[in-house]
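Student: The file below is protein_9.txt, compact mmCIF, C-alpha atoms:
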# COMPACT_ATOMS: atom_id res chain seq x y z
CA MET A 1 -17.05 12.16 -32.95
CA THR A 2 -19.02 11.27 -29.81
CA THR A 3 -17.66 11.64 -26.28
CA LEU A 4 -17.72 7.86 -25.85
CA THR A 5 -15.67 7.35 -29.00
CA MET A 6 -13.11 9.94 -27.91
CA GLY A 7 -12.89 8.35 -24.46
CA LEU A 8 -12.32 4.89 -25.93
CA MET A 9 -9.64 6.26 -28.26
CA VAL A 10 -7.80 7.96 -25.39
CA LEU A 11 -8.01 4.78 -23.31
CA GLY A 12 -6.83 2.62 -26.20
CA VAL A 13 -3.80 4.80 -26.93
CA LEU A 14 -2.92 4.97 -23.22
CA LEU A 15 -3.10 1.18 -22.81
CA GLY A 16 -1.06 0.75 -25.98
CA LEU A 17 1.72 2.99 -24.68
CA LEU A 18 1.69 1.25 -21.30
CA ALA A 19 1.92 -2.13 -23.04
CA THR A 20 5.19 -1.02 -24.65
CA GLY A 21 6.70 -0.58 -21.20
CA MET A 22 6.71 3.22 -21.31
CA PRO A 23 6.79 4.81 -17.80
CA ILE A 24 3.30 5.69 -16.59
CA ALA A 25 4.00 9.41 -16.21
CA PHE A 26 5.30 9.68 -19.79
CA ALA A 27 2.38 7.68 -21.19
CA LEU A 28 -0.14 9.90 -19.40
CA GLY A 29 1.71 13.01 -20.57
CA PHE A 30 1.97 11.99 -24.22
CA VAL A 31 -1.71 10.99 -24.40
CA SER A 32 -2.80 14.21 -22.72
CA ILE A 33 -0.70 16.47 -24.96
CA GLY A 34 -1.79 14.62 -28.11
CA ALA A 35 -5.48 14.79 -27.17
CA LEU A 36 -5.27 18.50 -26.32
CA ILE A 37 -3.59 19.32 -29.64
CA LEU A 38 -6.20 17.33 -31.60
CA THR A 39 -9.14 18.99 -29.86
CA ASP A 40 -7.90 22.53 -29.18
CA GLY A 41 -4.95 22.96 -31.55
CA PHE A 42 -1.38 23.90 -30.73
CA GLY A 43 -2.58 26.83 -28.68
CA ALA A 44 -3.37 24.34 -25.89
CA LEU A 45 0.35 23.79 -25.35
CA GLY A 46 0.49 27.03 -23.40
CA ILE A 47 -1.45 25.59 -20.46
CA ILE A 48 0.34 22.26 -20.25
CA GLY A 49 3.18 23.42 -17.99
CA GLU A 50 0.86 25.37 -15.72
CA THR A 51 -1.52 22.42 -15.38
CA PHE A 52 1.29 19.91 -14.76
CA PHE A 53 2.98 21.93 -12.04
CA GLY A 54 -0.40 22.99 -10.65
CA GLY A 55 -0.92 19.33 -9.75
CA LEU A 56 2.21 19.50 -7.61
CA ASP A 57 1.30 22.81 -5.95
CA SER A 58 0.25 21.34 -2.60
CA PHE A 59 2.07 21.54 0.71
CA ALA A 60 0.64 18.13 1.63
CA LEU A 61 2.80 16.58 -1.09
CA VAL A 62 5.87 17.29 1.03
CA SER A 63 4.84 14.39 3.24
CA ILE A 64 5.30 11.85 0.41
CA PRO A 65 9.10 12.13 -0.03
CA MET A 66 9.48 12.40 3.75
CA PHE A 67 7.59 9.16 4.43
CA ILE A 68 9.47 7.50 1.57
CA LEU A 69 12.76 8.66 3.10
CA MET A 70 11.66 7.26 6.45
CA GLY A 71 10.88 3.91 4.87
CA SER A 72 14.10 3.89 2.85
CA ALA A 73 16.16 4.45 6.01
CA VAL A 74 14.48 1.48 7.70
CA ALA A 75 14.52 -0.78 4.64
CA SER A 76 18.23 -0.13 4.00
CA SER A 77 19.22 -1.08 7.55
CA PRO A 78 19.06 -4.34 9.54
CA ALA A 79 15.88 -3.04 11.23
CA GLY A 80 13.71 -5.56 9.36
CA LYS A 81 15.91 -8.43 10.50
CA ASP A 82 15.80 -7.27 14.12
CA LEU A 83 12.04 -6.86 13.99
CA TYR A 84 11.67 -10.37 12.61
CA ILE A 85 13.97 -11.86 15.28
CA ALA A 86 12.14 -10.10 18.11
CA LEU A 87 8.71 -11.32 16.99
CA ASP A 88 10.01 -14.85 16.37
CA ARG A 89 11.42 -15.07 19.89
CA TRP A 90 8.19 -13.87 21.48
CA LEU A 91 5.82 -15.96 19.34
CA ASN A 92 7.90 -19.11 18.96
CA ARG A 93 5.80 -21.16 21.40
CA VAL A 94 2.53 -20.28 19.65
CA PRO A 95 1.38 -22.87 17.09
CA GLY A 96 2.47 -21.49 13.74
CA GLY A 97 4.40 -18.80 15.57
CA LEU A 98 6.97 -18.41 12.80
CA VAL A 99 4.28 -17.65 10.22
CA LEU A 100 2.52 -15.31 12.61
CA SER A 101 5.78 -13.52 13.39
CA ASN A 102 6.42 -13.06 9.65
CA LEU A 103 2.98 -11.56 9.06
CA GLY A 104 3.27 -9.48 12.23
CA ALA A 105 6.67 -8.24 11.08
CA CYS A 106 5.16 -7.38 7.70
CA SER A 107 2.39 -5.32 9.28
CA ILE A 108 4.77 -3.42 11.58
CA PHE A 109 7.41 -2.91 8.88
CA ALA A 110 4.66 -1.79 6.50
CA ALA A 111 3.72 0.92 8.99
CA LEU A 112 7.36 2.03 9.14
CA SER A 113 8.05 2.01 5.41
CA GLY A 114 4.66 2.58 3.77
CA SER A 115 5.98 0.53 0.85
CA SER A 116 4.80 -2.93 -0.16
CA PRO A 117 7.91 -3.92 -2.19
CA ALA A 118 10.21 -2.74 0.63
CA THR A 119 8.23 -4.78 3.15
CA CYS A 120 8.40 -7.91 0.97
CA ALA A 121 12.13 -7.52 0.42
CA ALA A 122 13.06 -6.73 4.03
CA ILE A 123 10.99 -9.43 5.74
CA GLY A 124 11.18 -11.97 2.91
CA LYS A 125 14.99 -12.10 2.87
CA MET A 126 14.92 -13.32 6.45
CA GLY A 127 11.55 -15.02 6.76
CA ILE A 128 11.26 -17.18 3.64
CA PRO A 129 14.53 -19.15 4.08
CA GLU A 130 13.78 -19.65 7.78
CA MET A 131 10.27 -20.98 7.10
CA VAL A 132 11.54 -23.31 4.36
CA ASN A 133 14.32 -24.58 6.67
CA ARG A 134 11.73 -25.40 9.33
CA GLY A 135 9.66 -27.40 6.88
CA TYR A 136 6.90 -24.96 5.94
CA PRO A 137 5.61 -25.48 2.37
CA LYS A 138 7.36 -23.12 -0.07
CA SER A 139 4.08 -21.83 -1.46
CA ILE A 140 2.92 -20.80 2.02
CA ALA A 141 6.29 -19.29 2.93
CA ALA A 142 6.42 -17.14 -0.23
CA GLY A 143 2.70 -16.40 -0.52
CA SER A 144 2.32 -15.21 3.06
CA ILE A 145 5.16 -12.70 2.69
CA ALA A 146 3.86 -11.48 -0.69
CA ALA A 147 0.42 -10.91 0.84
CA GLY A 148 1.80 -9.45 4.05
CA GLY A 149 3.73 -6.92 2.01
CA THR A 150 0.51 -5.50 0.58
CA LEU A 151 -0.37 -4.15 4.03
CA GLY A 152 2.16 -1.38 3.36
CA ILE A 153 -0.37 0.67 1.38
CA LEU A 154 -3.16 0.35 3.98
CA ILE A 155 -1.65 0.49 7.45
CA PRO A 156 -0.75 4.10 8.35
CA PRO A 157 1.29 6.04 7.57
CA SER A 158 0.49 5.12 3.97
CA VAL A 159 1.74 6.99 0.89
CA THR A 160 -1.28 5.68 -1.02
CA MET A 161 -3.65 7.25 1.50
CA ILE A 162 -1.79 10.56 1.19
CA VAL A 163 -2.25 10.46 -2.60
CA TYR A 164 -5.97 9.69 -2.17
CA GLY A 165 -6.34 12.55 0.30
CA ILE A 166 -4.69 15.01 -2.10
CA ALA A 167 -6.66 13.77 -5.11
CA THR A 168 -10.03 13.97 -3.32
CA GLU A 169 -9.27 16.84 -0.91
CA THR A 170 -10.09 14.72 2.14
CA SER A 171 -8.34 14.72 5.52
CA ILE A 172 -5.10 12.73 5.42
CA GLY A 173 -5.11 12.28 9.20
CA ARG A 174 -8.61 10.84 9.09
CA LEU A 175 -7.61 8.58 6.20
CA PHE A 176 -4.68 7.25 8.20
CA ILE A 177 -6.79 6.34 11.18
CA ALA A 178 -9.52 4.89 8.93
CA GLY A 179 -7.00 2.36 7.60
CA LEU A 180 -5.81 1.19 11.01
CA LEU A 181 -8.54 -1.29 12.01
CA PRO A 182 -9.04 -2.64 8.44
CA GLY A 183 -5.28 -3.20 8.30
CA LEU A 184 -5.44 -5.21 11.52
CA LEU A 185 -8.49 -7.07 10.17
CA LEU A 186 -6.58 -8.15 7.06
CA THR A 187 -3.60 -9.16 9.20
CA VAL A 188 -5.85 -11.42 11.29
CA LEU A 189 -7.47 -12.90 8.15
CA PHE A 190 -4.02 -13.56 6.67
CA MET A 191 -2.84 -15.24 9.87
CA THR A 192 -5.99 -17.36 10.12
CA TRP A 193 -5.74 -18.63 6.55
CA THR A 194 -2.01 -19.33 6.92
CA LEU A 195 -2.59 -21.54 9.96
CA ILE A 196 -5.44 -23.36 8.19
CA SER A 197 -3.41 -23.89 5.00
CA CYS A 198 -0.46 -25.24 6.99
CA ARG A 199 -2.75 -27.77 8.65
CA LEU A 200 -4.27 -28.74 5.30
CA ALA A 201 -0.75 -29.24 3.91
CA GLY A 202 -0.03 -31.68 6.75
CA TYR A 203 2.48 -29.48 8.51
CA SER A 204 2.86 -30.22 12.22
CA PHE A 205 3.64 -27.08 14.20
CA GLU A 206 5.38 -29.18 16.85
CA GLN A 207 8.28 -29.54 14.42
CA MET A 208 9.33 -25.94 14.91
CA ALA A 209 9.79 -26.04 18.68
CA GLN A 210 12.62 -23.74 19.64
CA ARG A 211 13.02 -22.36 23.11
CA PHE A 212 14.20 -18.90 24.04
CA THR A 213 14.78 -17.67 27.55
CA PHE A 214 13.19 -14.44 28.74
CA LYS A 215 16.65 -12.90 28.69
CA GLU A 216 17.02 -13.73 24.99
CA ARG A 217 13.55 -12.38 24.30
CA PHE A 218 14.19 -9.05 26.01
CA GLN A 219 17.60 -8.76 24.34
CA ALA A 220 15.81 -8.51 20.98
CA LEU A 221 13.66 -5.54 22.01
CA PRO A 222 15.99 -2.51 22.45
CA ARG A 223 16.71 -2.15 18.74
CA VAL A 224 13.06 -2.56 17.76
CA LEU A 225 11.21 -0.45 20.32
CA PRO A 226 12.57 2.96 19.14
CA PHE A 227 11.12 2.40 15.67
CA LEU A 228 7.78 1.33 17.15
CA LEU A 229 7.80 4.51 19.23
CA ILE A 230 8.29 6.54 16.05
CA ILE A 231 5.12 4.99 14.57
CA ALA A 232 3.21 5.68 17.78
CA GLY A 233 4.56 9.24 17.88
CA ILE A 234 3.57 9.98 14.28
CA LEU A 235 0.05 8.66 14.83
CA TYR A 236 -0.28 10.64 18.09
CA VAL A 237 0.76 14.00 16.64
CA LEU A 238 -1.47 13.48 13.60
CA TYR A 239 -4.59 12.40 15.47
CA GLY A 240 -3.98 14.78 18.34
CA GLY A 241 -3.83 17.75 16.02
CA VAL A 242 -0.27 18.55 17.11
CA ALA A 243 1.26 18.57 13.63
CA THR A 244 0.33 18.35 9.95
CA PRO A 245 1.14 15.20 7.95
CA SER A 246 4.08 16.98 6.31
CA GLU A 247 5.53 18.03 9.68
CA ALA A 248 5.03 14.56 11.15
CA ALA A 249 6.61 12.95 8.09
CA GLY A 250 9.64 15.23 8.26
CA ALA A 251 10.19 14.53 11.96
CA GLY A 252 9.69 10.79 11.43
CA ALA A 253 12.23 10.72 8.59
CA LEU A 254 14.79 12.61 10.69
CA PHE A 255 14.35 10.35 13.71
CA CYS A 256 14.55 7.18 11.60
CA ILE A 257 17.79 8.31 9.95
CA VAL A 258 19.31 9.26 13.32
CA LEU A 259 18.25 5.93 14.87
CA VAL A 260 19.66 3.93 11.95
CA ILE A 261 22.97 5.80 12.22
CA VAL A 262 23.21 5.43 16.01
CA ILE A 263 21.82 1.91 16.52
CA TYR A 264 23.52 0.25 13.56
CA ARG A 265 26.60 2.52 13.50
CA ILE A 266 26.19 3.45 9.85
CA PHE A 267 28.65 6.34 9.81
CA ARG A 268 30.09 5.86 6.32
CA PRO A 269 28.62 8.18 3.66
CA GLY A 270 28.08 5.37 1.13
CA PRO A 271 25.07 3.67 2.80
CA LEU A 272 23.50 7.02 3.69
CA ILE A 273 23.87 8.28 0.11
CA GLU A 274 22.13 5.10 -1.07
CA VAL A 275 19.23 5.78 1.33
CA PHE A 276 18.74 9.26 -0.13
CA ARG A 277 19.25 8.06 -3.71
CA SER A 278 16.60 5.33 -3.47
CA SER A 279 14.09 7.60 -1.73
CA LEU A 280 14.71 10.39 -4.26
CA LYS A 281 14.17 8.01 -7.17
CA GLU A 282 10.84 6.75 -5.83
CA SER A 283 9.70 10.24 -4.81
CA VAL A 284 10.39 11.71 -8.26
CA MET A 285 8.55 8.80 -9.89
CA ILE A 286 5.45 9.42 -7.76
CA MET A 287 5.59 13.19 -8.26
CA MET A 288 5.86 12.75 -12.02
CA ILE A 289 2.81 10.48 -11.98
CA ILE A 290 0.88 13.02 -9.88
CA GLY A 291 1.69 15.89 -12.24
CA ALA A 292 0.94 13.83 -15.35
CA SER A 293 -2.29 12.55 -13.81
CA GLU A 294 -3.40 16.14 -13.16
CA LEU A 295 -2.74 16.94 -16.82
CA PHE A 296 -4.59 13.77 -17.88
CA ALA A 297 -7.57 14.65 -15.67
CA PHE A 298 -7.66 18.17 -17.15
CA THR A 299 -7.61 16.68 -20.65
CA LEU A 300 -10.49 14.32 -19.93
CA SER A 301 -12.46 17.15 -18.35
CA SER A 302 -11.87 19.52 -21.26
CA MET A 303 -13.12 16.80 -23.63
CA PHE A 304 -16.16 16.26 -21.34
CA ILE A 305 -15.21 12.61 -20.96
CA THR A 306 -15.09 12.78 -17.15
CA GLN A 307 -18.49 14.43 -16.92
CA SER A 308 -20.01 11.93 -19.33
CA ILE A 309 -18.67 8.92 -17.40
CA ALA A 310 -19.85 10.34 -14.08
CA GLY A 311 -23.25 11.12 -15.57
CA TRP A 312 -23.60 7.66 -17.12
CA ILE A 313 -22.74 5.90 -13.86
CA GLY A 314 -24.94 8.27 -11.86
CA ASP A 315 -27.91 7.61 -14.17
CA LEU A 316 -27.70 3.85 -13.70
CA ASP A 317 -30.99 2.80 -12.14
CA VAL A 318 -29.50 0.16 -9.87
CA ASN A 319 -29.21 -0.52 -6.16
CA ARG A 320 -26.28 1.34 -4.59
CA TRP A 321 -24.62 -1.95 -3.62
CA VAL A 322 -24.82 -3.15 -7.22
CA LEU A 323 -23.17 0.15 -8.16
CA MET A 324 -20.45 -0.46 -5.57
CA ALA A 325 -19.94 -4.00 -6.89
CA LEU A 326 -19.44 -2.64 -10.42
CA ILE A 327 -16.97 -0.05 -9.12
CA ASN A 328 -15.07 -2.79 -7.27
CA VAL A 329 -14.81 -4.89 -10.44
CA PHE A 330 -13.54 -1.84 -12.33
CA LEU A 331 -10.94 -1.10 -9.64
CA LEU A 332 -9.83 -4.74 -9.57
CA VAL A 333 -9.24 -4.79 -13.31
CA ALA A 334 -7.41 -1.44 -13.18
CA GLY A 335 -5.25 -2.72 -10.32
CA PHE A 336 -4.20 -5.73 -12.40
CA PHE A 337 -2.39 -3.44 -14.85
CA LEU A 338 -1.52 -0.20 -13.06
CA PRO A 339 0.20 0.67 -9.77
CA PRO A 340 -1.98 1.97 -6.89
CA VAL A 341 -0.87 5.61 -7.15
CA ALA A 342 -1.79 5.83 -10.84
CA VAL A 343 -5.20 4.17 -10.35
CA ILE A 344 -6.09 6.45 -7.44
CA LEU A 345 -5.08 9.64 -9.21
CA MET A 346 -6.96 8.69 -12.37
CA THR A 347 -10.17 7.31 -10.82
CA ALA A 348 -10.71 8.77 -7.34
CA PRO A 349 -11.73 12.29 -8.47
CA ILE A 350 -14.28 10.76 -10.87
CA LEU A 351 -15.66 8.15 -8.47
CA LEU A 352 -15.81 10.25 -5.29
CA PRO A 353 -18.87 12.37 -6.20
CA ILE A 354 -20.63 9.23 -7.44
CA ILE A 355 -20.12 7.22 -4.27
CA THR A 356 -20.96 10.14 -1.98
CA GLN A 357 -24.16 10.78 -3.93
CA ALA A 358 -24.99 7.09 -3.45
CA GLY A 359 -24.61 7.55 0.32
CA PHE A 360 -21.18 5.96 0.88
CA ASP A 361 -18.61 7.46 3.23
CA PRO A 362 -15.54 8.79 1.31
CA TYR A 363 -13.13 7.46 3.97
CA TRP A 364 -14.75 4.04 3.92
CA PHE A 365 -14.43 4.08 0.13
CA ALA A 366 -10.74 4.98 0.43
CA VAL A 367 -10.16 1.77 2.38
CA ILE A 368 -12.17 -0.32 -0.10
CA LEU A 369 -10.23 1.20 -3.00
CA THR A 370 -6.91 0.55 -1.26
CA ILE A 371 -7.73 -3.12 -0.59
CA ASN A 372 -8.54 -3.50 -4.29
CA MET A 373 -5.11 -2.05 -5.05
CA GLU A 374 -3.57 -4.55 -2.62
CA ILE A 375 -5.10 -7.37 -4.64
CA GLY A 376 -3.42 -5.99 -7.76
CA LEU A 377 -0.02 -6.22 -6.06
CA ILE A 378 -0.21 -10.04 -5.85
CA THR A 379 -2.07 -10.87 -9.06
CA PRO A 380 -0.74 -11.06 -12.65
CA PRO A 381 0.15 -9.57 -15.03
CA VAL A 382 1.83 -6.81 -12.98
CA GLY A 383 1.81 -8.34 -9.47
CA LEU A 384 4.81 -6.34 -8.26
CA ASN A 385 5.13 -8.21 -4.96
CA LEU A 386 5.29 -11.56 -6.78
CA TYR A 387 8.37 -10.46 -8.71
CA VAL A 388 9.98 -9.00 -5.60
CA ILE A 389 9.58 -12.35 -3.81
CA ASN A 390 10.89 -14.18 -6.87
CA GLY A 391 13.91 -11.89 -6.88
CA ILE A 392 14.85 -12.56 -3.24
CA ALA A 393 13.95 -16.28 -3.40
CA PRO A 394 14.90 -17.34 -6.96
CA ASP A 395 14.80 -21.02 -6.02
CA ILE A 396 11.02 -20.79 -5.60
CA PRO A 397 9.27 -20.80 -9.02
CA LEU A 398 6.97 -17.88 -9.82
CA GLN A 399 4.07 -20.32 -10.26
CA THR A 400 4.59 -21.57 -6.69
CA ILE A 401 4.62 -18.00 -5.36
CA LEU A 402 1.44 -17.21 -7.28
CA ARG A 403 -0.26 -20.39 -6.03
CA GLY A 404 0.61 -19.47 -2.46
CA SER A 405 -0.57 -15.87 -2.76
CA LEU A 406 -3.91 -16.38 -4.52
CA PRO A 407 -5.75 -17.61 -1.37
CA TYR A 408 -4.85 -14.28 0.24
CA VAL A 409 -6.74 -12.57 -2.58
CA LEU A 410 -9.83 -14.36 -1.28
CA CYS A 411 -8.96 -13.14 2.22
CA MET A 412 -8.98 -9.57 0.90
CA VAL A 413 -12.30 -10.15 -0.85
CA VAL A 414 -13.69 -11.46 2.44
CA GLY A 415 -12.28 -8.35 4.11
CA ILE A 416 -14.11 -6.12 1.60
CA VAL A 417 -17.37 -8.01 2.25
CA ILE A 418 -16.92 -7.66 6.02
CA LEU A 419 -16.31 -3.91 5.66
CA CYS A 420 -19.42 -3.62 3.48
CA ILE A 421 -21.51 -5.37 6.13
CA PHE A 422 -19.85 -3.54 9.03
CA PRO A 423 -18.66 -0.15 7.70
CA GLU A 424 -18.25 0.98 11.32
CA ILE A 425 -14.93 -0.91 11.35
CA VAL A 426 -13.65 1.94 9.20
CA THR A 427 -15.72 4.89 10.39
CA TRP A 428 -15.90 4.34 14.16
CA LEU A 429 -12.30 5.08 15.14
CA PRO A 430 -11.91 8.31 13.09
CA THR A 431 -15.19 9.59 14.51
CA ALA A 432 -14.22 8.63 18.06
CA LEU A 433 -10.81 10.31 17.87
CA MET A 434 -11.43 13.23 15.51
CA GLY A 435 -15.17 13.81 15.74
CA PRO A 436 -17.81 13.53 13.00
CA GLY A 437 -17.43 15.07 9.58
CA GLY A 438 -14.66 15.18 7.00
Let me see whether you can do it: turn the structure in this file into structure tokens.

Tutor:
Amino acid sequence: MTTLTMGLMVLGVLLGLLATGMPIAFALGFVSIGALILTDGFGALGIIGETFFGGLDSFALVSIPMFILMGSAVASSPAGKDLYIALDRWLNRVPGGLVLSNLGACSIFAALSGSSPATCAAIGKMGIPEMVNRGYPKSIAAGSIAAGGTLGILIPPSVTMIVYGIATETSIGRLFIAGLLPGLLLTVLFMTWTLISCRLAGYSFEQMAQRFTFKERFQALPRVLPFLLIIAGILYVLYGGVATPSEAAGAGALFCIVLVIVIYRIFRPGPLIEVFRSSLKESVMIMMIIGASELFAFTLSSMFITQSIAGWIGDLDVNRWVLMALINVFLLVAGFFLPPVAVILMTAPILLPIITQAGFDPYWFAVILTINMEIGLITPPVGLNLYVINGIAPDIPLQTILRGSLPYVLCMVVGIVILCIFPEIVTWLPTALMGPGG
């Protein structure tokens, strides 16, 4: 049996298990164990446990549950509502200010939570009904929040970037700062399209005129500013070399929990237990995927599938931008069916040596890969953010949400093209703050 045939068989079985609804970690584990037994016999079972837990043997992984805990504390409190109110009061006189405040709230909340579904749920519960009440088209109201939620995996601190850094052994701090300007670029593109689409839909921004005094505007800030300071503090200690990502994540989680307790007077154990329960559930899911992905990668390597794929792509006699276009198409298709963490763990170690050999910067590629994963969050058949929006706004049909979110896919494609033409948008800030190199 040729390597290609074995690779196709492994892929077919994996996709078949995923199609049944089996959790990703279990599907990866079952396929890996089955392939190892078929190729090396039952003696291969002795290395399964060591390989699985070896994938989790990294101190940097401590930062993942800490950042998730930080996001869970914010998402489970009224912080999202306060953030939305503050931005609405300050941007209400700007044409389309309500839409801009929703997208701005998404970008800031994404930085706090690092989670796209949490961002959609927190901002969407408040923003979508308010936009619909003020006459904004439902497709724009739902689509803008679904797209804005995707910023959670790009704007630092991002769990997805941490996973990429661990999988490729690149600097997590540099990855964080590499995603900052592209995240702002996508936010601006989202805002621009939203204003244009509102005009095309015949919406008059004069309809939304609401006036707030400066006193009312400043009253909305005290509850929001401490959380913004936490983001600034985390970025400062990371980029200033003061602390490791794990240390910064632990401090950020502690401060967020303390702020939520103090500001919102959440002293009862019930809500706090729910914060830890939800963060523990998501953390264990990600850790299981990481361990299973390490076992899957070992299986592919032992069957020489990884080496064959890398060699085949590397031997393609094509322009490096054609190669990058093919990789982008592959990542897009993978993102349609799998969550970002799984795609990164399965593909990044294979693709990294190929793109570096072609002359591409690994941190630039991390941003391109992440934007592709963002597209997968708002496109069928998985489209997690679409279902989150449908869950918090059941009166808006899923087709309407999809119709409103698809133009933002084009915005992300435009963002990828801009970053290809001007890669300095990604590479300049990390080099300026942390010096050249990896």

Student: Could you pull the residues within 10 Å of Met373 of chain A, counting only C-alpha atoms, minus those fewer than 3 positions along the same chain, as a ChimeraX atom specification?

Tutor: /A:150,153-154,160,331-336,338-341,343-344,367-370,376-378

Student: In Å, how far is it from atom CA of Ile155 of chain A to atom CA of Glu216 of chain A?

Tutor: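 Between atom CA of Ile155 of chain A and atom CA of Glu216 of chain A the gap is 29.3 Å.
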
Student: Can you tell me, as a VMD selection string, what residues are no more than 12 Å from Pro430 of chain A when counting only C-alpha atoms, ignoring any on the same chain fewer than 4 positions away?

Tutor: chain A and resid 171 to 181 238 to 240 361 363 to 364 424 to 426 434 to 438

Student: Identify, on the basis of all atoms listed in the file, every residue whose closest approach to Gly391 of chain A does not exceed 12 Å; exclude the query and any residue fewer than 2 positions from it along the same chain; express the result as a PyMOL selection string.

Tutor: chain A and resi 117+120-121+124-125+142+146+384-389+393-398+401

Student: So what do you get for atom CA of Arg134 of chain A versus atom CA of Val74 of chain A, distance-wise?

Tutor: 27.1 Å

Student: Which protein, DNA or RNA residues are at most 9 Å from (13.3, -5.1, 13.6) in the file's coordinates when you count only C-alpha atoms, listed as JSON, numbers by chain?

Tutor: {"A": [74, 78, 79, 80, 81, 82, 83, 84, 85, 86, 87, 105, 108, 109, 220, 221, 223, 224, 225, 227]}

Student: How about saving the chosen residues, C-alpha atoms kept, as a compact mmCIF listing (two decimals), keeping the file's coordinate frame?

Tutor:
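Written file, result-v2.txt:
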# COMPACT_ATOMS: atom_id res chain seq x y z
CA VAL A 74 14.48 1.48 7.70
CA PRO A 78 19.06 -4.34 9.54
CA ALA A 79 15.88 -3.04 11.23
CA GLY A 80 13.71 -5.56 9.36
CA LYS A 81 15.91 -8.43 10.50
CA ASP A 82 15.80 -7.27 14.12
CA LEU A 83 12.04 -6.86 13.99
CA TYR A 84 11.67 -10.37 12.61
CA ILE A 85 13.97 -11.86 15.28
CA ALA A 86 12.14 -10.10 18.11
CA LEU A 87 8.71 -11.32 16.99
CA ALA A 105 6.67 -8.24 11.08
CA ILE A 108 4.77 -3.42 11.58
CA PHE A 109 7.41 -2.91 8.88
CA ALA A 220 15.81 -8.51 20.98
CA LEU A 221 13.66 -5.54 22.01
CA ARG A 223 16.71 -2.15 18.74
CA VAL A 224 13.06 -2.56 17.76
CA LEU A 225 11.21 -0.45 20.32
CA PHE A 227 11.12 2.40 15.67

Student: Report the closest atom pair, with its distance in Å rounded to one decimal, for each residue of segment 134-213 of chain A that has an atom no farther than 12 Å from segment 292-304 of chain A; count only C-alpha atoms, sort by chain and then rising residue number, and write it as JSON lines.

Tutor:
{"residue": "A:Val163", "atom": "CA", "partner": "A:Ser293", "partner_atom": "CA", "distance": 11.4}
{"residue": "A:Ile166", "atom": "CA", "partner": "A:Glu294", "partner_atom": "CA", "distance": 11.2}
{"residue": "A:Ala167", "atom": "CA", "partner": "A:Glu294", "partner_atom": "CA", "distance": 9.0}

Student: Find the residue from A:Ile145, A:Val262, A:Ala122, A:Leu151 that sits nearest to Ala75 of chain A; use all atoms listed in the file when measuring.

Tutor: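 Of all the options, A:Ala122 lies closest to Ala75 of chain A.
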
Student: How many Å lie between atom CA of Val13 of chain A and atom CA of Val31 of chain A, rounded to one decimal?

Tutor: 7.0 Å

Student: Which of these residues is nearest to Thr187 of chain A, using only C-alpha atoms: A:Ala248, A:Leu229, A:Leu100, A:Met6?

Tutor: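 Once distances to Thr187 of chain A are computed over only C-alpha atoms, the minimum belongs to A:Leu100.
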